[in-house]
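Colleague: model-v8.cif is reproduced below (mmCIF, C-alpha atoms).
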```cif
data_my_file
loop_
_atom_site.label_atom_id
_atom_site.label_comp_id
_atom_site.auth_asym_id
_atom_site.auth_seq_id
_atom_site.Cartn_x
_atom_site.Cartn_y
_atom_site.Cartn_z
CA MET A 1098 0.00 0.00 0.00
CA ALA A 1099 1.72 3.15 -1.22
CA ILE A 1100 0.65 6.13 0.85
CA GLU A 1101 1.08 9.49 -0.79
CA GLY A 1102 1.34 12.92 0.79
CA ALA A 1103 -2.01 14.16 -0.44
CA ASP A 1104 -3.69 11.06 0.95
CA ILE A 1105 -2.16 11.58 4.40
CA VAL A 1106 -3.25 15.22 4.39
CA LYS A 1107 -6.80 14.22 3.54
CA ALA A 1108 -6.83 11.52 6.20
CA ALA A 1109 -5.61 14.03 8.78
CA ALA A 1110 -8.28 16.52 7.72
CA PHE A 1111 -11.02 13.89 8.20
CA LEU A 1112 -9.66 12.87 11.57
CA GLY A 1113 -9.35 16.51 12.59
CA ALA A 1114 -12.95 17.21 11.61
CA GLY A 1115 -14.24 14.40 13.80
CA ILE A 1116 -12.09 15.39 16.76
CA SER A 1117 -13.02 19.06 16.38
CA MET A 1118 -16.77 18.45 16.38
CA GLY A 1119 -16.65 15.66 18.96
CA LEU A 1120 -14.65 17.52 21.61
CA GLY A 1121 -16.26 20.83 20.68
CA ALA A 1122 -19.72 19.46 21.49
CA ILE A 1123 -18.90 18.73 25.15
CA GLY A 1124 -18.61 22.24 26.53
CA PRO A 1125 -21.70 23.87 25.00
CA GLY A 1126 -23.83 20.87 25.92
CA VAL A 1127 -22.85 21.00 29.58
CA GLY A 1128 -22.96 24.81 29.75
CA GLU A 1129 -26.37 25.12 28.14
CA GLY A 1130 -27.69 22.47 30.48
CA MET A 1131 -26.47 24.50 33.46
CA ALA A 1132 -28.20 27.60 32.11
CA ALA A 1133 -31.45 25.67 31.68
CA ALA A 1134 -31.12 24.25 35.20
CA LYS A 1135 -30.76 27.69 36.76
CA ALA A 1136 -33.65 29.02 34.67
CA CYS A 1137 -35.89 26.21 35.98
CA GLU A 1138 -34.83 27.09 39.50
CA ALA A 1139 -35.61 30.77 38.96
CA ILE A 1140 -39.05 30.03 37.49
CA GLY A 1141 -39.75 27.75 40.44
CA LYS A 1142 -38.94 30.63 42.80
CA ASN A 1143 -40.55 33.41 40.80
CA PRO A 1144 -43.07 32.06 38.28
CA LYS A 1145 -44.37 35.51 37.29
CA GLU A 1146 -41.19 36.28 35.39
CA ALA A 1147 -41.35 33.14 33.25
CA GLY A 1148 -41.23 35.08 29.98
CA LEU A 1149 -38.25 37.18 30.97
CA LEU A 1150 -36.42 34.15 32.35
CA THR A 1151 -37.00 32.08 29.22
CA ARG A 1152 -35.69 34.90 27.07
CA THR A 1153 -32.61 35.38 29.22
CA MET A 1154 -31.95 31.63 29.22
CA LEU A 1155 -32.18 31.43 25.45
CA VAL A 1156 -29.85 34.40 24.91
CA GLY A 1157 -27.35 32.95 27.38
CA GLN A 1158 -27.51 29.55 25.72
CA ALA A 1159 -27.12 31.11 22.28
CA VAL A 1160 -23.87 32.70 23.44
CA SER A 1161 -22.56 29.45 24.89
CA GLU A 1162 -23.62 27.65 21.72
CA SER A 1163 -21.20 29.80 19.72
CA THR A 1164 -18.15 27.64 20.43
CA GLY A 1165 -20.11 24.59 19.29
CA ILE A 1166 -20.85 26.40 16.04
CA TYR A 1167 -17.16 27.32 15.67
CA SER A 1168 -16.37 23.60 15.97
CA LEU A 1169 -18.99 22.80 13.35
CA VAL A 1170 -17.59 25.44 10.99
CA ILE A 1171 -14.04 24.17 11.45
CA ALA A 1172 -15.20 20.59 10.89
CA LEU A 1173 -17.00 21.55 7.68
CA LEU A 1174 -13.99 23.57 6.51
CA LEU A 1175 -11.73 20.58 7.14
CA LEU A 1176 -14.09 18.29 5.25
CA PHE A 1177 -14.90 20.38 2.22
CA VAL A 1178 -12.56 23.34 1.82
CA VAL A 1179 -8.96 22.70 2.83
CA MET B 1205 9.04 -9.15 12.68
CA ALA B 1206 6.86 -11.54 10.75
CA TYR B 1207 3.17 -10.72 10.55
CA ASP B 1208 1.68 -13.56 12.53
CA ILE B 1209 -2.09 -13.29 12.77
CA GLN B 1210 -2.43 -15.68 15.70
CA THR B 1211 -0.12 -13.56 17.85
CA TRP B 1212 -1.93 -10.36 16.99
CA ILE B 1213 -5.30 -11.90 17.87
CA LYS B 1214 -3.95 -12.85 21.28
CA VAL B 1215 -2.46 -9.38 21.77
CA ALA B 1216 -5.76 -7.75 20.85
CA ALA B 1217 -7.86 -10.11 22.98
CA PHE B 1218 -5.75 -9.55 26.10
CA SER B 1219 -5.46 -5.79 25.74
CA GLY B 1220 -9.14 -5.52 24.83
CA GLY B 1221 -10.11 -7.59 27.86
CA GLY B 1222 -7.95 -5.41 30.08
CA MET B 1223 -9.50 -2.23 28.74
CA ALA B 1224 -13.04 -3.62 29.09
CA MET B 1225 -12.63 -4.46 32.75
CA GLY B 1226 -10.32 -1.56 33.62
CA PHE B 1227 -12.56 1.18 32.25
CA GLY B 1228 -15.66 -0.79 33.20
CA ALA B 1229 -14.72 -0.82 36.87
CA ILE B 1230 -14.52 2.97 37.21
CA GLY B 1231 -18.18 3.92 37.05
CA ALA B 1232 -19.85 1.25 39.15
CA ALA B 1233 -17.35 1.70 41.97
CA ILE B 1234 -17.91 5.46 42.13
CA GLY B 1235 -21.69 5.11 41.97
CA GLU B 1236 -21.80 2.45 44.66
CA GLY B 1237 -19.48 4.44 46.88
CA PHE B 1238 -21.77 7.45 46.54
CA THR B 1239 -24.78 5.33 47.52
CA ALA B 1240 -22.98 3.87 50.51
CA ALA B 1241 -21.82 7.31 51.66
CA ILE B 1242 -25.35 8.69 51.68
CA ALA B 1243 -26.75 5.54 53.29
CA ASN B 1244 -24.23 5.94 56.10
CA GLU B 1245 -25.18 9.55 56.54
CA ALA B 1246 -28.88 8.63 56.69
CA ILE B 1247 -28.37 5.78 59.16
CA GLY B 1248 -26.22 8.08 61.28
CA ARG B 1249 -29.11 10.51 61.55
CA ASN B 1250 -31.76 7.90 62.21
CA PRO B 1251 -30.28 4.55 63.31
CA LYS B 1252 -33.74 3.03 63.90
CA LEU B 1253 -34.35 2.87 60.16
CA SER B 1254 -31.08 1.12 59.44
CA GLY B 1255 -32.77 -2.10 58.21
CA ASP B 1256 -34.76 -0.44 55.42
CA ILE B 1257 -31.96 1.89 54.38
CA PHE B 1258 -29.40 -0.91 54.35
CA LYS B 1259 -31.68 -3.01 52.15
CA SER B 1260 -32.27 -0.26 49.63
CA MET B 1261 -28.55 0.58 49.60
CA LEU B 1262 -27.77 -3.01 48.60
CA VAL B 1263 -30.49 -3.12 45.93
CA GLY B 1264 -29.30 0.19 44.48
CA GLN B 1265 -25.67 -0.94 44.48
CA ALA B 1266 -26.63 -4.20 42.78
CA ILE B 1267 -28.15 -2.24 39.89
CA ALA B 1268 -25.10 0.01 39.59
CA GLU B 1269 -22.94 -3.11 39.62
CA SER B 1270 -24.69 -4.58 36.58
CA ALA B 1271 -22.81 -2.24 34.21
CA SER B 1272 -19.47 -3.53 35.41
CA ILE B 1273 -20.73 -7.12 35.29
CA PHE B 1274 -21.42 -6.58 31.57
CA ALA B 1275 -17.79 -5.46 31.28
CA LEU B 1276 -16.63 -8.54 33.18
CA VAL B 1277 -18.60 -10.81 30.82
CA ILE B 1278 -17.03 -9.20 27.75
CA ALA B 1279 -13.55 -9.33 29.32
CA MET B 1280 -13.96 -13.05 30.12
CA MET B 1281 -15.17 -13.74 26.59
CA LEU B 1282 -12.18 -11.93 25.13
CA LEU B 1283 -9.80 -13.93 27.31
CA PHE B 1284 -11.21 -17.42 26.79
CA THR B 1285 -12.96 -17.60 23.40
CA ASN B 1286 -11.32 -18.98 20.27
CA PHE B 1287 -11.80 -16.32 17.64
CA PRO B 1288 -11.70 -16.86 13.85
CA GLN B 1289 -8.22 -16.43 12.43
CA ASN B 1290 -8.55 -13.55 10.03
CA ALA B 1291 -6.98 -10.15 9.69
CA MET B 1292 -10.10 -8.34 10.93
CA THR B 1293 -10.29 -10.13 14.29
CA PRO B 1294 -7.69 -8.04 16.21
CA PHE B 1295 -9.65 -4.86 15.43
CA VAL B 1296 -12.94 -6.50 16.43
CA LEU B 1297 -11.52 -7.55 19.80
CA ILE B 1298 -10.00 -4.16 20.66
CA SER B 1299 -13.19 -2.40 19.59
CA ALA B 1300 -15.50 -4.67 21.60
CA GLY B 1301 -13.37 -4.27 24.73
CA LEU B 1302 -13.14 -0.50 24.39
CA CYS B 1303 -16.86 -0.23 23.68
CA MET B 1304 -18.01 -2.17 26.75
CA GLY B 1305 -15.40 -0.68 29.05
CA LEU B 1306 -16.17 2.95 28.23
CA GLY B 1307 -19.88 2.20 28.00
CA ALA B 1308 -20.05 1.03 31.60
CA ILE B 1309 -18.63 4.25 33.11
CA GLY B 1310 -21.66 6.52 32.84
CA SER B 1311 -24.28 3.96 33.80
CA GLY B 1312 -22.37 2.90 36.88
CA VAL B 1313 -21.93 6.44 38.21
CA GLY B 1314 -25.44 7.49 37.16
CA SER B 1315 -27.20 4.59 38.90
CA GLY B 1316 -25.53 5.55 42.14
CA PHE B 1317 -27.31 8.94 42.27
CA PRO B 1318 -30.95 7.76 42.56
CA SER B 1319 -29.98 4.98 44.98
CA GLY B 1320 -28.25 7.47 47.26
CA ALA B 1321 -31.21 9.87 47.07
CA ALA B 1322 -33.62 7.02 47.89
CA CYS B 1323 -31.60 6.12 51.02
CA ARG B 1324 -31.66 9.75 52.13
CA GLY B 1325 -35.37 9.96 51.36
CA MET B 1326 -36.21 6.93 53.48
CA GLU B 1327 -34.60 8.57 56.45
CA ARG B 1328 -36.59 11.77 55.88
CA GLN B 1329 -39.91 10.17 54.99
CA PRO B 1330 -40.06 6.52 56.10
CA LYS B 1331 -43.71 6.17 54.95
CA MET B 1332 -42.71 6.74 51.33
CA SER B 1333 -40.07 4.01 51.25
CA GLY B 1334 -42.09 1.78 48.88
CA ARG B 1335 -42.56 4.55 46.35
CA LEU B 1336 -38.95 5.68 46.72
CA THR B 1337 -37.76 2.15 45.94
CA THR B 1338 -39.97 2.05 42.84
CA ASN B 1339 -38.63 5.37 41.55
CA MET B 1340 -35.08 4.36 42.36
CA LEU B 1341 -35.53 1.14 40.37
CA ILE B 1342 -37.14 2.86 37.35
CA GLY B 1343 -34.56 5.65 37.36
CA SER B 1344 -31.59 3.29 37.67
CA ALA B 1345 -32.99 1.00 34.99
CA VAL B 1346 -33.10 3.91 32.53
CA CYS B 1347 -29.49 4.75 33.51
CA GLN B 1348 -28.45 1.23 32.56
CA THR B 1349 -29.77 1.46 28.98
CA PRO B 1350 -26.64 3.07 27.50
CA ALA B 1351 -24.52 0.31 29.05
CA ILE B 1352 -26.87 -2.21 27.45
CA PHE B 1353 -26.46 -0.44 24.08
CA ALA B 1354 -22.69 -0.83 24.51
CA LEU B 1355 -23.13 -4.51 25.41
CA VAL B 1356 -25.26 -5.09 22.31
CA VAL B 1357 -22.66 -3.44 20.07
CA ALA B 1358 -19.86 -5.46 21.71
CA PHE B 1359 -21.78 -8.72 21.15
CA ILE B 1360 -22.59 -7.85 17.53
CA LEU B 1361 -18.91 -7.07 16.94
CA LEU B 1362 -17.80 -10.36 18.49
CA PHE B 1363 -20.31 -12.57 16.69
CA THR B 1364 -20.44 -11.04 13.21
CA ASP B 1365 -18.19 -12.40 10.51
CA PHE B 1366 -16.42 -9.41 9.01
CA SER B 1367 -13.91 -11.47 6.99
CA MET B 1368 -16.01 -11.17 3.81
CA HIS B 1369 -15.56 -7.39 3.77
CA PRO B 1370 -12.47 -5.70 2.29
CA PHE B 1371 -9.81 -5.25 4.98
CA SER B 1372 -9.48 -1.54 4.34
CA PRO B 1373 -11.61 0.45 5.27
CA THR B 1374 -13.60 -2.10 7.32
CA TRP B 1375 -10.99 -2.20 10.10
CA ALA B 1376 -11.63 1.50 10.76
CA ALA B 1377 -15.41 1.08 10.63
CA ILE B 1378 -15.15 -1.64 13.28
CA LEU B 1379 -13.00 0.51 15.56
CA GLY B 1380 -15.27 3.50 14.99
CA ALA B 1381 -18.38 1.51 15.88
CA GLY B 1382 -16.94 0.52 19.26
CA ILE B 1383 -15.65 4.01 20.04
CA SER B 1384 -18.97 5.61 19.13
CA SER B 1385 -21.17 3.48 21.38
CA GLY B 1386 -18.57 3.35 24.15
CA PHE B 1387 -18.00 7.09 24.56
CA GLY B 1388 -21.62 7.85 23.65
CA ALA B 1389 -22.88 5.93 26.66
CA ILE B 1390 -20.94 7.99 29.23
CA GLY B 1391 -23.04 11.15 29.14
CA SER B 1392 -26.45 9.50 28.93
CA GLY B 1393 -25.79 7.26 31.91
CA LEU B 1394 -24.68 10.22 34.02
CA GLY B 1395 -27.43 12.58 32.86
CA GLY B 1396 -30.20 10.05 33.44
CA GLY B 1397 -28.88 9.51 36.95
CA LEU B 1398 -29.01 13.21 37.80
CA VAL B 1399 -32.70 13.41 36.81
CA ALA B 1400 -33.62 10.29 38.78
CA GLU B 1401 -31.78 11.61 41.84
CA ALA B 1402 -33.93 14.73 41.83
CA SER B 1403 -37.11 12.66 41.61
CA CYS B 1404 -36.21 10.60 44.70
CA ASN B 1405 -35.30 13.79 46.59
CA GLY B 1406 -38.55 15.46 45.50
CA ILE B 1407 -40.78 12.56 46.53
CA SER B 1408 -39.22 12.43 49.98
CA ARG B 1409 -39.72 16.18 50.50
CA GLN B 1410 -43.23 16.48 49.02
CA PRO B 1411 -44.82 13.01 48.94
CA GLU B 1412 -48.00 14.36 47.31
CA THR B 1413 -46.14 15.25 44.12
CA VAL B 1414 -45.31 11.65 43.23
CA THR B 1415 -47.18 11.55 39.90
CA PRO B 1416 -45.93 14.74 38.22
CA VAL B 1417 -42.41 14.17 39.54
CA THR B 1418 -42.27 10.64 38.11
CA ASN B 1419 -43.73 11.74 34.77
CA VAL B 1420 -41.29 14.61 34.30
CA MET B 1421 -38.42 12.38 35.46
CA LEU B 1422 -39.20 9.89 32.70
CA LEU B 1423 -39.54 12.68 30.13
CA GLY B 1424 -36.24 14.27 31.20
CA GLN B 1425 -34.44 10.93 31.24
CA ALA B 1426 -35.78 10.06 27.79
CA VAL B 1427 -34.24 13.27 26.41
CA THR B 1428 -30.87 12.48 28.04
CA GLN B 1429 -30.86 9.06 26.34
CA THR B 1430 -31.21 10.52 22.84
CA THR B 1431 -27.50 11.16 22.28
CA ALA B 1432 -26.67 7.56 23.26
CA ILE B 1433 -29.19 6.48 20.64
CA TYR B 1434 -27.49 8.66 18.00
CA ALA B 1435 -24.19 6.97 18.95
CA LEU B 1436 -25.83 3.54 18.65
CA LEU B 1437 -27.19 4.50 15.23
CA VAL B 1438 -23.74 5.54 14.01
CA SER B 1439 -22.31 2.25 15.35
CA PHE B 1440 -24.92 0.22 13.47
CA ILE B 1441 -24.28 2.09 10.23
CA LEU B 1442 -20.52 1.55 10.62
CA MET B 1443 -20.97 -2.17 11.35
CA PHE B 1444 -23.54 -3.06 8.72
CA LYS B 1445 -22.85 -0.79 5.74
CA SER B 1446 -20.52 -2.38 3.23
CA PHE B 1447 -17.72 -0.08 2.14
CA PRO B 1448 -15.83 -0.33 -1.16
CA SER B 1449 -12.28 -1.60 -0.93
CA THR B 1450 -9.59 1.05 -0.99
CA ASP B 1451 -5.81 1.41 -0.95
CA LEU B 1452 -5.89 4.96 0.35
CA LEU B 1453 -5.59 6.11 3.95
CA ALA B 1454 -8.30 8.78 3.85
CA PRO B 1455 -11.48 6.61 3.61
CA PRO B 1456 -10.69 4.49 6.69
CA MET B 1457 -9.75 7.62 8.63
CA ALA B 1458 -13.12 9.18 7.74
CA LEU B 1459 -14.95 6.18 9.25
CA LEU B 1460 -12.81 6.14 12.40
CA SER B 1461 -13.32 9.86 12.72
CA ALA B 1462 -17.12 9.46 12.41
CA GLY B 1463 -17.07 7.13 15.41
CA ILE B 1464 -14.87 9.47 17.48
CA CYS B 1465 -16.98 12.50 16.54
CA MET B 1466 -20.34 10.97 17.49
CA GLY B 1467 -19.04 9.19 20.56
CA ILE B 1468 -17.30 12.13 22.21
CA GLY B 1469 -19.91 14.59 20.95
CA ALA B 1470 -22.66 12.70 22.75
CA ILE B 1471 -21.12 13.20 26.21
CA GLY B 1472 -21.67 16.90 26.80
CA PRO B 1473 -25.28 17.36 25.63
CA ALA B 1474 -26.48 14.39 27.69
CA ILE B 1475 -24.84 15.69 30.87
CA GLY B 1476 -26.25 19.17 30.25
CA GLU B 1477 -29.73 17.78 29.67
CA GLY B 1478 -29.34 15.86 32.91
CA PHE B 1479 -28.63 19.14 34.79
CA ALA B 1480 -31.71 20.77 33.24
CA GLY B 1481 -33.90 17.76 34.01
CA ARG B 1482 -32.64 17.54 37.59
CA SER B 1483 -33.46 21.16 38.30
CA ALA B 1484 -36.89 20.97 36.65
CA VAL B 1485 -37.88 17.86 38.64
CA GLU B 1486 -36.60 19.39 41.86
CA TRP B 1487 -38.67 22.55 41.40
CA ILE B 1488 -41.78 20.73 40.23
CA ALA B 1489 -41.74 18.96 43.58
CA ARG B 1490 -41.53 22.29 45.39
CA ASN B 1491 -43.83 24.34 43.19
CA GLN B 1492 -46.65 22.18 41.87
CA LYS B 1493 -48.68 25.06 40.46
CA HIS B 1494 -46.19 25.68 37.68
CA ILE B 1495 -45.62 22.19 36.35
CA ALA B 1496 -46.48 23.24 32.79
CA ASP B 1497 -44.11 26.24 32.82
CA LEU B 1498 -41.27 24.19 34.26
CA THR B 1499 -41.75 21.25 31.91
CA ARG B 1500 -41.82 23.56 28.90
CA LEU B 1501 -38.70 25.40 30.00
CA MET B 1502 -36.92 22.10 30.68
CA LEU B 1503 -37.72 20.84 27.19
CA VAL B 1504 -36.69 24.11 25.51
CA GLY B 1505 -33.43 24.18 27.48
CA GLN B 1506 -32.72 20.53 26.69
CA ALA B 1507 -33.48 21.08 23.01
CA VAL B 1508 -30.86 23.83 22.86
CA ALA B 1509 -28.33 21.66 24.72
CA GLU B 1510 -29.08 18.84 22.26
CA SER B 1511 -28.00 20.97 19.29
CA THR B 1512 -24.28 20.25 19.57
CA GLY B 1513 -25.07 16.53 19.75
CA ILE B 1514 -26.98 16.91 16.49
CA TYR B 1515 -24.04 18.77 14.91
CA SER B 1516 -21.87 15.79 15.85
CA LEU B 1517 -24.36 13.40 14.28
CA VAL B 1518 -24.42 15.48 11.10
CA ILE B 1519 -20.61 15.56 10.85
CA ALA B 1520 -20.46 11.81 11.53
CA LEU B 1521 -23.01 11.09 8.78
CA VAL B 1522 -21.17 13.42 6.37
CA LEU B 1523 -17.93 11.56 7.16
CA ILE B 1524 -19.61 8.20 6.45
CA PHE B 1525 -21.76 8.99 3.43
CA VAL B 1526 -20.44 12.11 1.70
CA VAL B 1527 -16.67 12.49 1.80
#
```
Any chance you could give the structure as C-alpha cells?

Modeller:
Amino acid sequence: MAIEGADIVKAAAFLGAGISMGLGAIGPGVGEGMAAAKACEAIGKNPKEAGLLTRTMLVGQAVSESTGIYSLVIALLLLFVV
Amino acid sequence: MAYDIQTWIKVAAFSGGGMAMGFGAIGAAIGEGFTAAIANEAIGRNPKLSGDIFKSMLVGQAIAESASIFALVIAMMLLFTNFPQNAMTPFVLISAGLCMGLGAIGSGVGSGFPSGAACRGMERQPKMSGRLTTNMLIGSAVCQTPAIFALVVAFILLFTDFSMHPFSPTWAAILGAGISSGFGAIGSGLGGGLVAEASCNGISRQPETVTPVTNVMLLGQAVTQTTAIYALLVSFILMFKSFPSTDLLAPPMALLSAGICMGIGAIGPAIGEGFAGRSAVEWIARNQKHIADLTRLMLVGQAVAESTGIYSLVIALVLIFVV
C-alpha cells in the first residue's frame, strides 16, 4: 500500500474534523444544560417572570452555543474546503 | 518481525479484555461508593431505620454493579474464546473491549445517584419508602440502557463475521463503531442519573407530588438518552454498511473519525440535559402550580443543549456517506 502525501493530508483533515466536532460538542452541551437548570430554579422561585427568564436563558444559551458552532464550521472547513 | 495473525489476535484479545474491565470498573465503583456514603449519613441521623436503608442501599448498588458485570462478561469472553483467524479479528476484539469498558462508566456512576437519594429519602420520609424504591428502580434502569447499548454493540462485533468485507476500510469502521457506542454511553448514563436523583429527593420532601415528579423524570431521562441512541445509530451504520475496498488512507480515517466525533460529541449534551432535568424535577416537587411552565422550560433548554449533539451526528453522517 503506497501512501502518498495528499492522501495523508486528507486523512488528517477527516480525523481533525471528527475530533473538532466531537470535543467541541462537550462544553456547549454541559454549559447550556447549566443555564437551563438555573432558569428552571428561577421560574420555580418566581413564576411571574417566566417570559423574561425564558428569554434570558435562550440568549445565554445562544452565546454558549457559539463555540459549538465554531467547531462545526471548522469541521466543515476541514471536510470540504482545505 | 513476521506478521503472525495468531499472535496479533492474542495481543488484541488480552489488551481488549484489560480495557473492558479496567474502564468498566470505574463507574460502578464510584456510583456504589456514593450510595454507601449517603446511606451511612442517613443511618447516622436515624439509626432506627437502618434495616430499610441498608436493604435499599444493597439493591441500588446491585443495579449500579450490573454495568461492570457486563464489562466482566465481555472481558472473560475476550480472554477465553477462540476467535476466527482472520486479519479483521484483532480490530474487532479491541473495539469490543473498548466499547463495553467505556460504555459502563456513565451507567455505573449514574445509577448511584438515585440509589443514594432514595436512602436519604427513606430517612426523611419513612412512609414513602415503597414509592422511593420504585422510583429508584425505574430511574436506575433507565441509567443502565446506554450500558446495554454498549453490550449489544460489543456482542454484535464479536459474533459477526467481518472477513467477507475488504480489509481496508472495514478495520476503521469496526474501531469507529466501538468508540462511538462506548464514549456515547458515558453522558447518557450520568445525565439520566441526575434526573432520577432529583425525583427521589422530590418525593421524599413532598410526597403528594409523586405523579408529576415521576412523569417529568421519565420525560427528562428520555431526552438524556437521545444522544446515546445517536451513537448507537452511528455504530450500526458503521458495522452493517458495506464499504468499497480502498488502498488509500483517507477513507478508513473518515470512518474512524465518524465514530470518534459521534461518541465524544454525545457526552456533553447528555450531561447538560441531565442538569436541566434535575433542576426541573426538583422545582416541580416544590412548586406544583407551575408544572407546565417548568416542563416547557426544561424541554426548551434541553433542546438547545441537544443541538451540539446533532451537529456531531451530522458531521459523523457526512464523514460516512459524503466524503

Colleague: Assuming the chain letters and numbering stay as they are in my file, what does the PyMOL selection byres ((chain A) within 6 of (chain B)) actually select? List them as a list in words.

Modeller: Asp1104, Lys1107, Ala1108, Phe1111, Leu1112, Gly1115, Ile1116, Met1118, Gly1119, Ala1122, Ile1123, Gly1126, Val1127, Glu1129, Gly1130, Met1131, Ala1133, Ala1134, Cys1137 and Gly1141 of chain A

Colleague: Pick out the residues sitting within 8 Å of stretch 1322-1328 of chain B, and hand them over as a PyMOL selection string; count all atoms listed in the file, and ignore anything fewer than 4 positions along from it in its own chain.

Modeller: chain B and resi 1239+1242-1243+1245-1247+1249-1250+1253+1256-1257+1260-1261+1318+1332-1333+1336-1337+1340+1401+1404-1405+1407-1409

Colleague: In Å, how far is it from atom CA of A:Met1154 to atom CA of A:Ala1132?

Modeller: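 So the answer is 6.2 Å.
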
Colleague: Got a sec: who's within 10 Å of B:Ser1270, counting all atoms listed in the file, leaving out chain neighbours fewer than 6 positions off, as a list in words?

Modeller: Ala1232, Leu1276, Ala1308, Ser1311, Gly1312, Ser1315, Gln1348, Ala1351 and Ile1352 of chain B

Colleague: Give me a file of those residues, with C-alpha atoms, as a PDB file, in the frame of the given file.

Modeller:
```pdb
ATOM      1  CA  ALA B1232     -19.850   1.250  39.150  1.00  0.00           C
ATOM      2  CA  LEU B1276     -16.630  -8.540  33.180  1.00  0.00           C
ATOM      3  CA  ALA B1308     -20.050   1.030  31.600  1.00  0.00           C
ATOM      4  CA  SER B1311     -24.280   3.960  33.800  1.00  0.00           C
ATOM      5  CA  GLY B1312     -22.370   2.900  36.880  1.00  0.00           C
ATOM      6  CA  SER B1315     -27.200   4.590  38.900  1.00  0.00           C
ATOM      7  CA  GLN B1348     -28.450   1.230  32.560  1.00  0.00           C
ATOM      8  CA  ALA B1351     -24.520   0.310  29.050  1.00  0.00           C
ATOM      9  CA  ILE B1352     -26.870  -2.210  27.450  1.00  0.00           C
TER      10      ILE B1352
END
```

Colleague: Build an axis-aligned box that encloses every atom of stretch 1340-1357 of chain B listed in the file, pad it by 6 Å on each side, and report its centre and edge lengths in Å to one decimal, as JSON.

Modeller:
```
{"center_x": -29.9, "center_y": 0.3, "center_z": 31.2, "size_x": 26.5, "size_y": 22.7, "size_z": 34.3}
```

Colleague: Please provide the set of residues having any atom within 9 Å of stretch 1354-1367 of chain B, restricted to only C-alpha atoms, with same-chain residues fewer than 2 positions apart removed, written as a PyMOL selection string.

Modeller: chain B and resi 1274-1275+1278+1282+1287-1288+1290-1293+1296-1297+1299-1308+1349-1352+1369-1371+1374+1378+1381-1382+1385-1386+1388-1389+1436+1439-1440+1443

Colleague: Give me, please, the distance in Å between atom CA of B:Val1414 and atom CA of B:Gly1396, quoted to one decimal.

Modeller: 18.1 Å

Colleague: If you measure from atom CA of B:Gly1314 to atom CA of B:Ile1234, what distance in Å do you get, rounded to one decimal?

Modeller: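 Atom CA of B:Ile1234 lies at a distance of 9.2 Å from atom CA of B:Gly1314.
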
Colleague: Starting from the shown file, work through the PyMOL selection byres ((chain A and resi 1175) around 9) and note down what comes out as a PDB file with C-alpha atoms, in the frame of the given file.

Modeller:
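Output file part15.pdb follows:
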```
ATOM      1  CA  LYS A1107      -6.800  14.220   3.540  1.00  0.00           C
ATOM      2  CA  ALA A1110      -8.280  16.520   7.720  1.00  0.00           C
ATOM      3  CA  PHE A1111     -11.020  13.890   8.200  1.00  0.00           C
ATOM      4  CA  GLY A1113      -9.350  16.510  12.590  1.00  0.00           C
ATOM      5  CA  ALA A1114     -12.950  17.210  11.610  1.00  0.00           C
ATOM      6  CA  VAL A1170     -17.590  25.440  10.990  1.00  0.00           C
ATOM      7  CA  ILE A1171     -14.040  24.170  11.450  1.00  0.00           C
ATOM      8  CA  ALA A1172     -15.200  20.590  10.890  1.00  0.00           C
ATOM      9  CA  LEU A1173     -17.000  21.550   7.680  1.00  0.00           C
ATOM     10  CA  LEU A1174     -13.990  23.570   6.510  1.00  0.00           C
ATOM     11  CA  LEU A1176     -14.090  18.290   5.250  1.00  0.00           C
ATOM     12  CA  PHE A1177     -14.900  20.380   2.220  1.00  0.00           C
ATOM     13  CA  VAL A1178     -12.560  23.340   1.820  1.00  0.00           C
ATOM     14  CA  VAL A1179      -8.960  22.700   2.830  1.00  0.00           C
TER      15      VAL A1179
END
```

Colleague: Distance cut-off 9 Å, centre (-22.4, 25.8, 19.5) in file coordinates, counting only C-alpha atoms: which residues qualify? Return them as a list of chain:residue names.

Modeller: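 The answer, in the requested form, is A:Gly1121, A:Ala1122, A:Gly1124, A:Pro1125, A:Gly1126, A:Gln1158, A:Ala1159, A:Val1160, A:Ser1161, A:Glu1162, A:Ser1163, A:Thr1164, A:Gly1165, A:Ile1166, A:Tyr1167, A:Ser1168, A:Leu1169, B:Ala1509, B:Ser1511, B:Thr1512, B:Tyr1515.
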
Colleague: Excluding B:Met1421 and any residue of its chain fewer than 6 positions from it, enumerate the residues within 7 Å of it, using only C-alpha atoms, and give them as number ranges by chain.

Modeller: B: 1399-1400, 1403, 1485

Colleague: Let's have the selection written as a compact mmCIF listing (two decimals), in the frame of the given file, with C-alpha atoms.

Modeller:
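After the write, again.txt holds the following:
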```txt
# COMPACT_ATOMS: atom_id res chain seq x y z
CA VAL B 1399 -32.70 13.41 36.81
CA ALA B 1400 -33.62 10.29 38.78
CA SER B 1403 -37.11 12.66 41.61
CA VAL B 1485 -37.88 17.86 38.64
```

Colleague: So which one's closest to B:Ile1390, B:Met1223, B:Leu1423, B:Ala1402, B:Val1313? Using all atoms listed in the file, please.

Modeller: B:Val1313
